[in-house]
$ cat protein.pdb   # PDB, C-alpha atoms and all ligand atoms
ATOM      1  CA  MET A   8      12.759  -2.058  19.496  1.00  0.00           C
ATOM      2  CA  LEU A   9      10.419  -4.985  18.816  1.00  0.00           C
ATOM      3  CA  ASN A  10      10.717  -8.266  20.662  1.00  0.00           C
ATOM      4  CA  GLU A  11      11.335 -10.686  17.790  1.00  0.00           C
ATOM      5  CA  ALA A  12      10.737 -13.800  19.886  1.00  0.00           C
ATOM      6  CA  LEU A  13       7.339 -12.580  21.079  1.00  0.00           C
ATOM      7  CA  TYR A  14       6.224 -11.094  17.776  1.00  0.00           C
ATOM      8  CA  PRO A  15       8.033 -12.936  14.959  1.00  0.00           C
ATOM      9  CA  PHE A  16       5.933 -11.363  12.175  1.00  0.00           C
ATOM     10  CA  LEU A  17       6.052  -7.782  13.385  1.00  0.00           C
ATOM     11  CA  ASN A  18       9.561  -7.073  12.131  1.00  0.00           C
ATOM     12  CA  ASP A  19       8.574  -8.294   8.675  1.00  0.00           C
ATOM     13  CA  LEU A  20       5.472  -6.118   8.838  1.00  0.00           C
ATOM     14  CA  VAL A  21       7.513  -3.053   9.757  1.00  0.00           C
ATOM     15  CA  ARG A  22      10.012  -3.705   6.959  1.00  0.00           C
ATOM     16  CA  GLU A  23       7.224  -4.200   4.409  1.00  0.00           C
ATOM     17  CA  HIS A  24       5.373  -1.056   5.524  1.00  0.00           C
ATOM     18  CA  ARG A  25       8.555   0.976   5.048  1.00  0.00           C
ATOM     19  CA  GLN A  26       9.051  -0.511   1.588  1.00  0.00           C
ATOM     20  CA  MET A  27       5.421   0.181   0.652  1.00  0.00           C
ATOM     21  CA  HIS A  28       5.931   3.767   1.775  1.00  0.00           C
ATOM     22  CA  CYS A  29       8.995   4.100  -0.501  1.00  0.00           C
ATOM     23  CA  PHE A  30       7.144   2.666  -3.517  1.00  0.00           C
ATOM     24  CA  THR A  31       4.101   4.857  -2.814  1.00  0.00           C
ATOM     25  CA  GLN A  32       6.281   7.957  -2.573  1.00  0.00           C
ATOM     26  CA  ALA A  33       8.086   7.092  -5.815  1.00  0.00           C
ATOM     27  CA  LEU A  34       4.768   6.847  -7.675  1.00  0.00           C
ATOM     28  CA  ARG A  35       3.519  10.076  -6.080  1.00  0.00           C
ATOM     29  CA  GLU A  36       6.659  11.882  -7.178  1.00  0.00           C
ATOM     30  CA  ALA A  37       6.352  10.517 -10.725  1.00  0.00           C
ATOM     31  CA  LEU A  38       2.698  11.668 -10.864  1.00  0.00           C
ATOM     32  CA  HIS A  39       3.558  15.049  -9.406  1.00  0.00           C
ATOM     33  CA  THR A  40       6.378  15.587 -11.923  1.00  0.00           C
ATOM     34  CA  GLY A  41       4.123  14.606 -14.818  1.00  0.00           C
ATOM     35  CA  ASN A  42       1.325  16.875 -13.630  1.00  0.00           C
ATOM     36  CA  SER A  43       3.509  19.877 -12.906  1.00  0.00           C
ATOM     37  CA  CYS A  44       6.097  19.632 -15.719  1.00  0.00           C
ATOM     38  CA  GLY A  45       3.952  18.001 -18.414  1.00  0.00           C
ATOM     39  CA  TRP A  46       3.518  14.392 -19.424  1.00  0.00           C
ATOM     40  CA  THR A  47       6.241  13.221 -21.783  1.00  0.00           C
ATOM     41  CA  VAL A  48       6.756   9.656 -22.978  1.00  0.00           C
ATOM     42  CA  GLY A  49       9.669   9.295 -20.552  1.00  0.00           C
ATOM     43  CA  ARG A  50       7.613  10.497 -17.553  1.00  0.00           C
ATOM     44  CA  ALA A  51       4.706   8.249 -18.528  1.00  0.00           C
ATOM     45  CA  SER A  52       7.082   5.297 -18.733  1.00  0.00           C
ATOM     46  CA  GLU A  53       8.574   6.109 -15.304  1.00  0.00           C
ATOM     47  CA  ALA A  54       5.103   6.403 -13.744  1.00  0.00           C
ATOM     48  CA  GLY A  55       4.126   3.074 -15.346  1.00  0.00           C
ATOM     49  CA  ALA A  56       7.170   1.351 -13.835  1.00  0.00           C
ATOM     50  CA  CYS A  57       6.367   2.821 -10.388  1.00  0.00           C
ATOM     51  CA  LEU A  58       2.724   1.712 -10.615  1.00  0.00           C
ATOM     52  CA  ARG A  59       3.733  -1.828 -11.595  1.00  0.00           C
ATOM     53  CA  ARG A  60       6.240  -2.084  -8.735  1.00  0.00           C
ATOM     54  CA  LEU A  61       3.725  -0.818  -6.171  1.00  0.00           C
ATOM     55  CA  ARG A  62       0.936  -3.096  -7.441  1.00  0.00           C
ATOM     56  CA  ASP A  63       3.176  -6.194  -7.318  1.00  0.00           C
ATOM     57  CA  TYR A  64       4.502  -5.333  -3.852  1.00  0.00           C
ATOM     58  CA  ALA A  65       1.044  -4.526  -2.432  1.00  0.00           C
ATOM     59  CA  ARG A  66      -0.233  -7.904  -3.636  1.00  0.00           C
ATOM     60  CA  GLU A  67       2.558  -9.731  -1.779  1.00  0.00           C
ATOM     61  CA  HIS A  68       2.300  -7.516   1.293  1.00  0.00           C
ATOM     62  CA  PHE A  69      -1.459  -7.956   1.709  1.00  0.00           C
ATOM     63  CA  GLN A  70      -1.076 -11.694   1.256  1.00  0.00           C
ATOM     64  CA  HIS A  71       1.569 -11.807   3.998  1.00  0.00           C
ATOM     65  CA  GLU A  72      -0.674  -9.821   6.342  1.00  0.00           C
ATOM     66  CA  GLU A  73      -3.579 -12.178   5.763  1.00  0.00           C
ATOM     67  CA  GLU A  74      -1.600 -15.429   5.932  1.00  0.00           C
ATOM     68  CA  ASP A  75       1.092 -14.926   8.573  1.00  0.00           C
ATOM     69  CA  GLY A  76      -1.362 -14.778  11.475  1.00  0.00           C
ATOM     70  CA  CYS A  77      -0.723 -11.127  12.228  1.00  0.00           C
ATOM     71  CA  LEU A  78      -4.339 -10.013  11.851  1.00  0.00           C
ATOM     72  CA  GLU A  79      -5.756 -13.096  13.626  1.00  0.00           C
ATOM     73  CA  ASP A  80      -3.345 -12.609  16.514  1.00  0.00           C
ATOM     74  CA  ALA A  81      -4.314  -8.938  16.716  1.00  0.00           C
ATOM     75  CA  ILE A  82      -7.946 -10.017  17.229  1.00  0.00           C
ATOM     76  CA  ALA A  83      -6.872 -12.622  19.789  1.00  0.00           C
ATOM     77  CA  MET A  84      -4.935  -9.942  21.703  1.00  0.00           C
ATOM     78  CA  MET A  85      -7.668  -7.318  21.390  1.00  0.00           C
ATOM     79  CA  PRO A  86     -11.061  -8.854  20.505  1.00  0.00           C
ATOM     80  CA  THR A  87     -12.696  -5.437  20.122  1.00  0.00           C
ATOM     81  CA  CYS A  88     -10.652  -4.818  16.949  1.00  0.00           C
ATOM     82  CA  GLY A  89     -12.417  -7.596  14.966  1.00  0.00           C
ATOM     83  CA  THR A  90     -14.607  -5.203  12.983  1.00  0.00           C
ATOM     84  CA  SER A  91     -11.642  -2.993  12.128  1.00  0.00           C
ATOM     85  CA  VAL A  92      -9.626  -6.018  10.975  1.00  0.00           C
ATOM     86  CA  ASP A  93     -12.516  -7.116   8.740  1.00  0.00           C
ATOM     87  CA  ALA A  94     -12.588  -3.618   7.216  1.00  0.00           C
ATOM     88  CA  LEU A  95      -8.823  -3.748   6.571  1.00  0.00           C
ATOM     89  CA  ARG A  96      -9.164  -7.135   4.856  1.00  0.00           C
ATOM     90  CA  HIS A  97     -11.972  -5.806   2.692  1.00  0.00           C
ATOM     91  CA  GLU A  98      -9.831  -2.789   1.769  1.00  0.00           C
ATOM     92  CA  HIS A  99      -7.052  -5.141   0.606  1.00  0.00           C
ATOM     93  CA  GLU A 100      -9.423  -6.465  -2.067  1.00  0.00           C
ATOM     94  CA  GLU A 101     -10.616  -2.979  -3.021  1.00  0.00           C
ATOM     95  CA  ILE A 102      -7.132  -1.467  -3.268  1.00  0.00           C
ATOM     96  CA  LEU A 103      -5.727  -4.402  -5.246  1.00  0.00           C
ATOM     97  CA  ALA A 104      -8.675  -4.364  -7.650  1.00  0.00           C
ATOM     98  CA  ALA A 105      -8.155  -0.643  -8.258  1.00  0.00           C
ATOM     99  CA  LEU A 106      -4.383  -1.060  -8.712  1.00  0.00           C
ATOM    100  CA  ASP A 107      -5.044  -3.916 -11.155  1.00  0.00           C
ATOM    101  CA  ARG A 108      -7.511  -1.790 -13.123  1.00  0.00           C
ATOM    102  CA  PHE A 109      -5.054   1.095 -13.434  1.00  0.00           C
ATOM    103  CA  GLN A 110      -2.210  -1.284 -14.224  1.00  0.00           C
ATOM    104  CA  ALA A 111      -4.200  -3.026 -16.967  1.00  0.00           C
ATOM    105  CA  ALA A 112      -5.112   0.301 -18.542  1.00  0.00           C
ATOM    106  CA  ALA A 113      -1.541   1.593 -18.198  1.00  0.00           C
ATOM    107  CA  VAL A 114      -0.150  -1.487 -19.953  1.00  0.00           C
ATOM    108  CA  LEU A 115      -2.318  -0.785 -22.970  1.00  0.00           C
ATOM    109  CA  ASP A 116      -0.987   2.749 -23.158  1.00  0.00           C
ATOM    110  CA  ASP A 117       2.304   2.116 -21.440  1.00  0.00           C
ATOM    111  CA  ASN A 118       4.274   4.977 -22.911  1.00  0.00           C
ATOM    112  CA  ARG A 119       1.425   7.290 -23.823  1.00  0.00           C
ATOM    113  CA  PRO A 120       1.170  10.477 -21.822  1.00  0.00           C
ATOM    114  CA  ASP A 121      -2.590  10.740 -22.539  1.00  0.00           C
ATOM    115  CA  TYR A 122      -3.331   7.878 -20.163  1.00  0.00           C
ATOM    116  CA  TRP A 123      -1.546   9.597 -17.313  1.00  0.00           C
ATOM    117  CA  LYS A 124      -3.210  12.945 -17.957  1.00  0.00           C
ATOM    118  CA  LEU A 125      -6.564  11.199 -17.619  1.00  0.00           C
ATOM    119  CA  PHE A 126      -5.870   8.992 -14.624  1.00  0.00           C
ATOM    120  CA  ALA A 127      -3.122  10.645 -12.542  1.00  0.00           C
ATOM    121  CA  GLY A 128      -5.663  12.381 -10.289  1.00  0.00           C
ATOM    122  CA  GLN A 129      -7.587   9.149  -9.691  1.00  0.00           C
ATOM    123  CA  ILE A 130      -4.381   7.257  -8.944  1.00  0.00           C
ATOM    124  CA  GLU A 131      -3.362   9.930  -6.430  1.00  0.00           C
ATOM    125  CA  GLU A 132      -6.737   9.457  -4.689  1.00  0.00           C
ATOM    126  CA  LEU A 133      -6.072   5.715  -4.520  1.00  0.00           C
ATOM    127  CA  LEU A 134      -2.628   6.362  -3.017  1.00  0.00           C
ATOM    128  CA  LYS A 135      -4.274   8.472  -0.285  1.00  0.00           C
ATOM    129  CA  GLN A 136      -6.569   5.524   0.461  1.00  0.00           C
ATOM    130  CA  LEU A 137      -3.577   3.161   0.585  1.00  0.00           C
ATOM    131  CA  VAL A 138      -1.595   5.429   2.935  1.00  0.00           C
ATOM    132  CA  ASP A 139      -4.645   5.840   5.192  1.00  0.00           C
ATOM    133  CA  HIS A 140      -5.108   2.050   5.210  1.00  0.00           C
ATOM    134  CA  GLU A 141      -1.508   1.445   6.277  1.00  0.00           C
ATOM    135  CA  ARG A 142      -1.701   4.166   8.951  1.00  0.00           C
ATOM    136  CA  ARG A 143      -4.863   2.715  10.544  1.00  0.00           C
ATOM    137  CA  GLU A 144      -3.417  -0.778  10.320  1.00  0.00           C
ATOM    138  CA  SER A 145      -0.183   0.281  12.056  1.00  0.00           C
ATOM    139  CA  ARG A 146      -2.150   1.961  14.854  1.00  0.00           C
ATOM    140  CA  LEU A 147      -4.332  -1.122  15.289  1.00  0.00           C
ATOM    141  CA  ILE A 148      -1.343  -3.498  15.390  1.00  0.00           C
ATOM    142  CA  ALA A 149       0.539  -1.225  17.812  1.00  0.00           C
ATOM    143  CA  GLY A 150      -2.493  -1.172  20.111  1.00  0.00           C
ATOM    144  CA  ALA A 151      -3.130  -4.917  19.908  1.00  0.00           C
ATOM    145  CA  PHE A 152       0.490  -5.908  20.579  1.00  0.00           C
ATOM    146  CA  ASN A 153       1.168  -3.060  22.966  1.00  0.00           C
ATOM    147  CA  VAL A 154       4.156  -1.697  21.092  1.00  0.00           C
ATOM    148  CA  ALA A 155       5.065   1.906  20.348  1.00  0.00           C
ATOM    149  CA  PRO A 156       3.261   3.188  17.235  1.00  0.00           C
ATOM    150  CA  ASP A 157       6.607   4.308  15.783  1.00  0.00           C
ATOM    151  CA  ASP A 158       7.782   0.666  15.906  1.00  0.00           C
ATOM    152  CA  VAL A 159       5.019  -0.417  13.536  1.00  0.00           C
TER     153      VAL A 159
HETATM  154 FE    FE B 201      -3.125  -4.112   5.143  1.00  0.00          FE
HETATM  155 FE    FE B 202       0.021  -3.178   5.632  1.00  0.00          FE
END
$ encode --input "protein.pdb" --output "structure tokens" --more "lines below"
Ligand SMILES: [Fe+2]
Ligand SMILES: [Fe+2]
Amino acid sequence: MLNEALYPFLNDLVREHRQMHCFTQALREALHTGNSCGWTVGRASEAGACLRRLRDYAREHFQHEEEDGCLEDAIAMMPTCGTSVDALRHEHEEILAALDRFQAAAVLDDNRPDYWKLFAGQIEELLKQLVDHERRESRLIAGAFNVAPDDV
């Protein structure tokens, strides 16, 4: 259990990481269903809704991580992690830009299965990058604040 008084932002971080995981999984499942069962208008629409939800949540989540002091405090607690924190910040920009690009293209073809046939594989690659980002970030935060990895 996290010490809320010592680490006021960590509980929010944990909650947001769990929510991101749920939204990521929902999009993965929508992509998997479309790829394995065939892209219909309904499946394309479902995948579009999942992509939009994940993009909007990731934008808020990354902003919280960069503005609530979590990453700065991690460096203060463990100065050797500065380079890794810089890489995570840079990845925020990269991941958001990619999500925005896919979202913009999906809006144009919101209900058209052709879009998803073309881009589902690329979106799945981006989701792998996002999951890897969150995993490395959780390990870094757990190490910096000396909490159990499962708590982050
Ligand atoms: Fe992050
Ligand atoms: Fe995160």
$ atom_distance --input "protein.pdb" --atom1 "atom CA of A:Ala33" --atom2 "atom CA of A:Ala54"
8.5 Å
$ resolve_selection --input "protein.pdb" --expression "the PyMOL selection byres (((chain A and resi 41-51) around 9) and not hetatm)" --output "list in words"
Glu36, Ala37, Leu38, His39, Thr40, Ser52, Glu53, Ala54, Gly55, Ala56, Asp117, Asn118, Arg119, Pro120, Asp121, Tyr122, Trp123, Lys124, Ala127 and Gly128 of chain A
$ write_last_selection --input "protein.pdb" --atoms "C-alpha atoms" --output "PDB file, in the coordinates of the input"
ATOM      1  CA  GLU A  36       6.659  11.882  -7.178  1.00  0.00           C
ATOM      2  CA  ALA A  37       6.352  10.517 -10.725  1.00  0.00           C
ATOM      3  CA  LEU A  38       2.698  11.668 -10.864  1.00  0.00           C
ATOM      4  CA  HIS A  39       3.558  15.049  -9.406  1.00  0.00           C
ATOM      5  CA  THR A  40       6.378  15.587 -11.923  1.00  0.00           C
ATOM      6  CA  SER A  52       7.082   5.297 -18.733  1.00  0.00           C
ATOM      7  CA  GLU A  53       8.574   6.109 -15.304  1.00  0.00           C
ATOM      8  CA  ALA A  54       5.103   6.403 -13.744  1.00  0.00           C
ATOM      9  CA  GLY A  55       4.126   3.074 -15.346  1.00  0.00           C
ATOM     10  CA  ALA A  56       7.170   1.351 -13.835  1.00  0.00           C
ATOM     11  CA  ASP A 117       2.304   2.116 -21.440  1.00  0.00           C
ATOM     12  CA  ASN A 118       4.274   4.977 -22.911  1.00  0.00           C
ATOM     13  CA  ARG A 119       1.425   7.290 -23.823  1.00  0.00           C
ATOM     14  CA  PRO A 120       1.170  10.477 -21.822  1.00  0.00           C
ATOM     15  CA  ASP A 121      -2.590  10.740 -22.539  1.00  0.00           C
ATOM     16  CA  TYR A 122      -3.331   7.878 -20.163  1.00  0.00           C
ATOM     17  CA  TRP A 123      -1.546   9.597 -17.313  1.00  0.00           C
ATOM     18  CA  LYS A 124      -3.210  12.945 -17.957  1.00  0.00           C
ATOM     19  CA  ALA A 127      -3.122  10.645 -12.542  1.00  0.00           C
ATOM     20  CA  GLY A 128      -5.663  12.381 -10.289  1.00  0.00           C
TER      21      GLY A 128
END
$ closest_residue --input "protein.pdb" --among "A:Glu100, A:Asp63, A:Glu131, A:Glu72" --to "ligand FE 201 (chain B)" --atoms "all atoms listed in the file"
A:Glu72
$ atom_distance --input "protein.pdb" --atom1 "atom CA of A:Asn18" --atom2 "atom CA of A:Asp139"
20.4 Å
$ closest_residue --input "protein.pdb" --among "A:Ile130, A:Cys77, A:Val114, A:Cys57" --to "ligand FE 201 (chain B)" --atoms "only C-alpha atoms and all ligand atoms"
A:Cys77
$ resolve_selection --input "protein.pdb" --expression "the PyMOL selection byres (((chain A and resi 148) around 12) and not hetatm)" --output "count of residues only"
40
$ resolve_selection --input "protein.pdb" --expression "the PyMOL selection byres (((chain A and resi 137) around 12) and not hetatm)" --output "ChimeraX atom specification"
/A:24,27-28,30-32,35,61-62,65,69,95,98-103,105-106,130-136,138-144
$ atom_distance --input "protein.pdb" --atom1 "atom CA of A:Glu67" --atom2 "atom CA of A:Leu125"
27.8 Å
$ closest_residue --input "protein.pdb" --among "A:Arg60, A:His71, A:Arg108, A:His97" --to "ligand FE 202 (chain B)" --atoms "all atoms listed in the file"
A:His71
$ closest_residue --input "protein.pdb" --among "A:Phe126, A:Ala111, A:Ala94, A:Gln70" --to "ligand FE 202 (chain B)" --atoms "all atoms listed in the file"
A:Gln70
$ build_atoms --input "protein.pdb" --residues "stretch 117-135 of chain A" --atoms "N, CA and C atoms" --output "PDB file, in the coordinates of the input"
ATOM      1  N   ASP A 117       1.161   2.027 -22.342  1.00  0.00           N
ATOM      2  CA  ASP A 117       2.304   2.116 -21.440  1.00  0.00           C
ATOM      3  C   ASP A 117       3.104   3.407 -21.552  1.00  0.00           C
ATOM      4  N   ASN A 118       3.408   3.808 -22.751  1.00  0.00           N
ATOM      5  CA  ASN A 118       4.274   4.977 -22.911  1.00  0.00           C
ATOM      6  C   ASN A 118       3.516   6.199 -23.389  1.00  0.00           C
ATOM      7  N   ARG A 119       2.198   6.173 -23.272  1.00  0.00           N
ATOM      8  CA  ARG A 119       1.425   7.290 -23.823  1.00  0.00           C
ATOM      9  C   ARG A 119       1.011   8.270 -22.737  1.00  0.00           C
ATOM     10  N   PRO A 120       1.478   9.468 -22.828  1.00  0.00           N
ATOM     11  CA  PRO A 120       1.170  10.477 -21.822  1.00  0.00           C
ATOM     12  C   PRO A 120      -0.330  10.706 -21.626  1.00  0.00           C
ATOM     13  N   ASP A 121      -1.151  10.483 -22.666  1.00  0.00           N
ATOM     14  CA  ASP A 121      -2.590  10.740 -22.539  1.00  0.00           C
ATOM     15  C   ASP A 121      -3.219   9.953 -21.393  1.00  0.00           C
ATOM     16  N   TYR A 122      -2.792   8.708 -21.239  1.00  0.00           N
ATOM     17  CA  TYR A 122      -3.331   7.878 -20.163  1.00  0.00           C
ATOM     18  C   TYR A 122      -3.115   8.561 -18.815  1.00  0.00           C
ATOM     19  N   TRP A 123      -1.898   9.034 -18.621  1.00  0.00           N
ATOM     20  CA  TRP A 123      -1.546   9.597 -17.313  1.00  0.00           C
ATOM     21  C   TRP A 123      -2.248  10.926 -17.075  1.00  0.00           C
ATOM     22  N   LYS A 124      -2.442  11.702 -18.114  1.00  0.00           N
ATOM     23  CA  LYS A 124      -3.210  12.945 -17.957  1.00  0.00           C
ATOM     24  C   LYS A 124      -4.609  12.634 -17.445  1.00  0.00           C
ATOM     25  N   LEU A 125      -5.188  11.557 -17.990  1.00  0.00           N
ATOM     26  CA  LEU A 125      -6.564  11.199 -17.619  1.00  0.00           C
ATOM     27  C   LEU A 125      -6.658  10.633 -16.207  1.00  0.00           C
ATOM     28  N   PHE A 126      -5.693   9.782 -15.841  1.00  0.00           N
ATOM     29  CA  PHE A 126      -5.870   8.992 -14.624  1.00  0.00           C
ATOM     30  C   PHE A 126      -4.982   9.382 -13.445  1.00  0.00           C
ATOM     31  N   ALA A 127      -4.052  10.315 -13.635  1.00  0.00           N
ATOM     32  CA  ALA A 127      -3.122  10.645 -12.542  1.00  0.00           C
ATOM     33  C   ALA A 127      -3.875  11.084 -11.275  1.00  0.00           C
ATOM     34  N   GLY A 128      -4.911  11.909 -11.444  1.00  0.00           N
ATOM     35  CA  GLY A 128      -5.663  12.381 -10.289  1.00  0.00           C
ATOM     36  C   GLY A 128      -6.340  11.230  -9.553  1.00  0.00           C
ATOM     37  N   GLN A 129      -6.911  10.300 -10.310  1.00  0.00           N
ATOM     38  CA  GLN A 129      -7.587   9.149  -9.691  1.00  0.00           C
ATOM     39  C   GLN A 129      -6.574   8.237  -8.982  1.00  0.00           C
ATOM     40  N   ILE A 130      -5.403   8.095  -9.584  1.00  0.00           N
ATOM     41  CA  ILE A 130      -4.381   7.257  -8.944  1.00  0.00           C
ATOM     42  C   ILE A 130      -3.894   7.917  -7.655  1.00  0.00           C
ATOM     43  N   GLU A 131      -3.771   9.232  -7.652  1.00  0.00           N
ATOM     44  CA  GLU A 131      -3.362   9.930  -6.430  1.00  0.00           C
ATOM     45  C   GLU A 131      -4.404   9.729  -5.323  1.00  0.00           C
ATOM     46  N   GLU A 132      -5.686   9.720  -5.682  1.00  0.00           N
ATOM     47  CA  GLU A 132      -6.737   9.457  -4.689  1.00  0.00           C
ATOM     48  C   GLU A 132      -6.582   8.045  -4.115  1.00  0.00           C
ATOM     49  N   LEU A 133      -6.276   7.091  -4.980  1.00  0.00           N
ATOM     50  CA  LEU A 133      -6.072   5.715  -4.520  1.00  0.00           C
ATOM     51  C   LEU A 133      -4.864   5.633  -3.581  1.00  0.00           C
ATOM     52  N   LEU A 134      -3.809   6.379  -3.885  1.00  0.00           N
ATOM     53  CA  LEU A 134      -2.628   6.362  -3.017  1.00  0.00           C
ATOM     54  C   LEU A 134      -2.965   6.920  -1.638  1.00  0.00           C
ATOM     55  N   LYS A 135      -3.838   7.940  -1.589  1.00  0.00           N
ATOM     56  CA  LYS A 135      -4.274   8.472  -0.285  1.00  0.00           C
ATOM     57  C   LYS A 135      -4.990   7.376   0.493  1.00  0.00           C
TER      58      LYS A 135
END
